[in-house]
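What follows is a short report on a single structure.
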Amino acid sequence: MTHCGAPDLDFSSVHTTRLQDRPSKVTLNDFGQPWALGGSFNDFMSRLPQVLAASHLKGVVSALVEAKRQQRMVILAMGAHPVKVGLNPIIIDLLRRGLITVLAFNGAVVVHDTEVALAGKTSETVEAGIDSGDFGVTQETGSMVNRAIKSGAGQGLGLGAAVGQRLLESDCPHNEFSLLAQSVKLGRPATVHVALGTDVIHIHPEVDGAALGQTCLTDFRTFASRVAQLDGGVLINLGSAVIMPEVFLKALTL
């Protein structure tokens with residue numbers, strides 16, 4: 001019998017193989033085990049499956065521990081979402097412990113991190129402000145960041161150091177939760193890599209394109225110099241699908 005002119009396949013000619021002879025990606029040795037009451041967090045980690053994300057997580061943990069043991073560099077490259085989901089205190093703790101040695105951000109991190117330092121809150125609802133023209137035009141954010149960048153350019157600073165320094169000098173009420181302020185306070189590099197037009201500070205009246213370009217190029221050179229020392233270390237890309245992977249690629253080429 002045929003349907004629409006195509007003959008039925010003859011399944012009797014299918015060649016089968018033995019299950020025991022066939023290679024398999026998952027075995028019982030890879031299965032997870034239930035966590036036991038009274039067990040440690042390390043017990044929980046060790047009982048996760050050796051499959052996909054859990055296996056990758058264990059690999060990251062192992063690489064970070066080895067990098068710390070060998071005193072190698074650990075670079076955290078990230079977009080703004082880690083800030084917006086409340087990870088700043090954890091990242092700052094890792095900086096203090098020396099488990100992260102370099103931070104590298106896209107431009108949006110600067111916006112949200114500055115608002116955290118200034119007001120203890122961040123992240124607008126785009127839908128609520130885009131029609132009225134109120135989205136992205138917060139006065140304090142734009143003035144603080146743009147003035148810091150312009151001042152930093154005059155001092156030969158990178159963008160990350162310029163904003164972090166300004167936050168500390170301004171004694172912002174929530175600096176203890178700011179990645180940029182704490183990176184300056186701890187003496188850890190925090191570089192910023194901006195794509196012009198992507199961040200709300202670029203529509204602010206005080207924006208200075210020359211200062212943006214100069215401070216970002218300074219930061220890129222700093223970042224590239226750290227990547228040159230990365231042998232045996234770790235680079236984590238967290239929450240940036242385009243900007244930070246591309247910046248890393250260019251730094252690695254250098």
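Chain identifiers are assigned as A, B, and so on, following the order in which chains appear in the structure tokens; residues are numbered from 1 within each chain, and ligands are numbered from 1 in order of appearance.
Near A:Asn29, within 9 Å and counting only C-alpha atoms, sit A:Val26, A:Thr27, A:Phe31, A:Gly32, A:Pro49, A:Gln50, not including residues fewer than 2 positions from it in the same chain.
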Just list as a PyMOL selection string whatever in stretch 2-249 of chain A DSSP marks as alpha helix (DSSP H). chain A and resi 41-46+52-69+81-84+88-97+107-119+126-129+139-155+159-169+179-186+209-227+243-249
**Distance query stretch 58-68 of chain A at most 12 Å, only C-alpha atoms, self and fewer than 2 positions along chain excluded, as a PyMOL selection string** = chain A and resi 42+44-56+70-76+94-95+97-101+230-237
The distance between atom CA of A:Pro189 and atom CA of A:Val102 is 5.2 Å
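Contact shell of stretch 120-134 of chain A at 10 Å (only C-alpha atoms; same-chain neighbours under 5 positions omitted): A:Ala80, A:His81, A:Val83, A:Lys84, A:Val85, A:Val111, A:His112, A:Asp113, A:Thr114, A:Glu115, A:Cys172, A:Pro173, A:His174, A:Asn175, A:Phe177, A:Ser178.
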If you keep all heavy atoms, can you produce a file of those selected residues as a compact mmCIF listing (two decimals), in the first residue's frame?
```
# COMPACT_ATOMS: atom_id res chain seq x y z
N ALA A 80 25.04 42.01 33.20
CA ALA A 80 24.39 42.65 34.35
C ALA A 80 23.44 41.75 35.12
O ALA A 80 23.07 42.06 36.25
CB ALA A 80 23.63 43.89 33.88
N HIS A 81 23.02 40.63 34.54
CA HIS A 81 22.02 39.82 35.22
C HIS A 81 22.47 39.30 36.58
O HIS A 81 21.65 39.23 37.50
CB HIS A 81 21.56 38.66 34.31
CG HIS A 81 20.56 39.10 33.29
ND1 HIS A 81 20.93 39.61 32.06
CD2 HIS A 81 19.21 39.14 33.32
CE1 HIS A 81 19.84 39.92 31.37
NE2 HIS A 81 18.79 39.65 32.12
N VAL A 83 24.05 40.88 38.77
CA VAL A 83 23.74 41.99 39.69
C VAL A 83 22.25 42.03 39.96
O VAL A 83 21.80 42.15 41.11
CB VAL A 83 24.20 43.34 39.11
CG1 VAL A 83 23.85 44.48 40.07
CG2 VAL A 83 25.69 43.33 38.80
N LYS A 84 21.46 41.89 38.91
CA LYS A 84 20.01 42.05 39.03
C LYS A 84 19.34 40.88 39.75
O LYS A 84 18.19 41.01 40.19
CB LYS A 84 19.38 42.24 37.65
CG LYS A 84 19.84 43.52 36.96
CD LYS A 84 18.91 43.95 35.86
CE LYS A 84 18.99 43.05 34.65
NZ LYS A 84 18.11 43.52 33.56
N VAL A 85 20.03 39.74 39.88
CA VAL A 85 19.45 38.63 40.65
C VAL A 85 20.10 38.51 42.03
O VAL A 85 19.92 37.52 42.73
CB VAL A 85 19.54 37.29 39.89
CG1 VAL A 85 18.76 37.36 38.60
CG2 VAL A 85 20.99 36.88 39.63
N VAL A 111 25.83 50.43 35.24
CA VAL A 111 24.56 51.10 35.53
C VAL A 111 23.91 50.50 36.77
O VAL A 111 23.57 51.19 37.73
CB VAL A 111 23.61 51.00 34.32
CG1 VAL A 111 22.22 51.55 34.68
CG2 VAL A 111 24.19 51.73 33.12
N HIS A 112 23.73 49.18 36.77
CA HIS A 112 23.01 48.53 37.87
C HIS A 112 23.83 48.54 39.15
O HIS A 112 23.28 48.71 40.25
CB HIS A 112 22.63 47.11 37.46
CG HIS A 112 21.63 47.07 36.35
ND1 HIS A 112 20.32 47.45 36.51
CD2 HIS A 112 21.76 46.72 35.04
CE1 HIS A 112 19.68 47.34 35.36
NE2 HIS A 112 20.53 46.90 34.45
N ASP A 113 25.14 48.36 39.04
CA ASP A 113 25.99 48.36 40.23
C ASP A 113 26.00 49.74 40.88
O ASP A 113 25.97 49.86 42.11
CB ASP A 113 27.40 47.94 39.84
CG ASP A 113 28.29 47.72 41.06
OD1 ASP A 113 28.10 46.69 41.74
OD2 ASP A 113 29.16 48.56 41.33
N THR A 114 26.03 50.79 40.07
CA THR A 114 25.99 52.15 40.59
C THR A 114 24.68 52.43 41.30
O THR A 114 24.65 53.04 42.38
CB THR A 114 26.20 53.18 39.45
OG1 THR A 114 27.51 53.00 38.90
CG2 THR A 114 26.06 54.60 39.95
N GLU A 115 23.56 51.98 40.72
CA GLU A 115 22.27 52.19 41.37
C GLU A 115 22.18 51.44 42.69
O GLU A 115 21.58 51.94 43.66
CB GLU A 115 21.14 51.78 40.42
CG GLU A 115 21.02 52.71 39.23
CD GLU A 115 19.79 52.46 38.38
OE1 GLU A 115 19.20 51.36 38.48
OE2 GLU A 115 19.43 53.37 37.61
N CYS A 172 28.84 56.57 48.99
CA CYS A 172 27.48 56.11 48.71
C CYS A 172 27.00 55.18 49.83
O CYS A 172 27.79 54.40 50.37
CB CYS A 172 27.42 55.40 47.36
SG CYS A 172 27.79 56.48 45.97
N PRO A 173 25.73 55.25 50.18
CA PRO A 173 25.25 54.52 51.36
C PRO A 173 25.33 53.00 51.28
O PRO A 173 25.30 52.33 52.31
CB PRO A 173 23.79 54.98 51.50
CG PRO A 173 23.42 55.52 50.16
CD PRO A 173 24.68 56.08 49.57
N HIS A 174 25.42 52.46 50.07
CA HIS A 174 25.41 51.00 49.95
C HIS A 174 26.66 50.50 49.20
O HIS A 174 26.60 49.50 48.48
CB HIS A 174 24.14 50.55 49.23
CG HIS A 174 22.89 51.05 49.89
ND1 HIS A 174 22.44 50.59 51.11
CD2 HIS A 174 22.01 52.01 49.49
CE1 HIS A 174 21.33 51.22 51.44
NE2 HIS A 174 21.04 52.08 50.48
N ASN A 175 27.78 51.18 49.40
CA ASN A 175 29.02 50.78 48.72
C ASN A 175 29.47 49.37 49.07
O ASN A 175 30.18 48.74 48.28
CB ASN A 175 30.15 51.76 49.06
CG ASN A 175 30.18 52.97 48.14
OD1 ASN A 175 29.63 52.93 47.04
ND2 ASN A 175 30.80 54.03 48.59
N PHE A 177 27.87 46.84 48.91
CA PHE A 177 27.26 45.89 47.98
C PHE A 177 27.64 46.18 46.53
O PHE A 177 27.12 45.55 45.61
CB PHE A 177 25.73 45.93 48.11
CG PHE A 177 25.24 45.53 49.48
CD1 PHE A 177 24.71 46.48 50.34
CD2 PHE A 177 25.33 44.22 49.90
CE1 PHE A 177 24.26 46.12 51.60
CE2 PHE A 177 24.89 43.84 51.16
CZ PHE A 177 24.36 44.79 52.02
N SER A 178 28.55 47.11 46.32
CA SER A 178 28.94 47.49 44.95
C SER A 178 30.18 46.75 44.51
O SER A 178 31.23 46.81 45.17
CB SER A 178 29.19 49.00 44.89
OG SER A 178 29.91 49.34 43.72
```
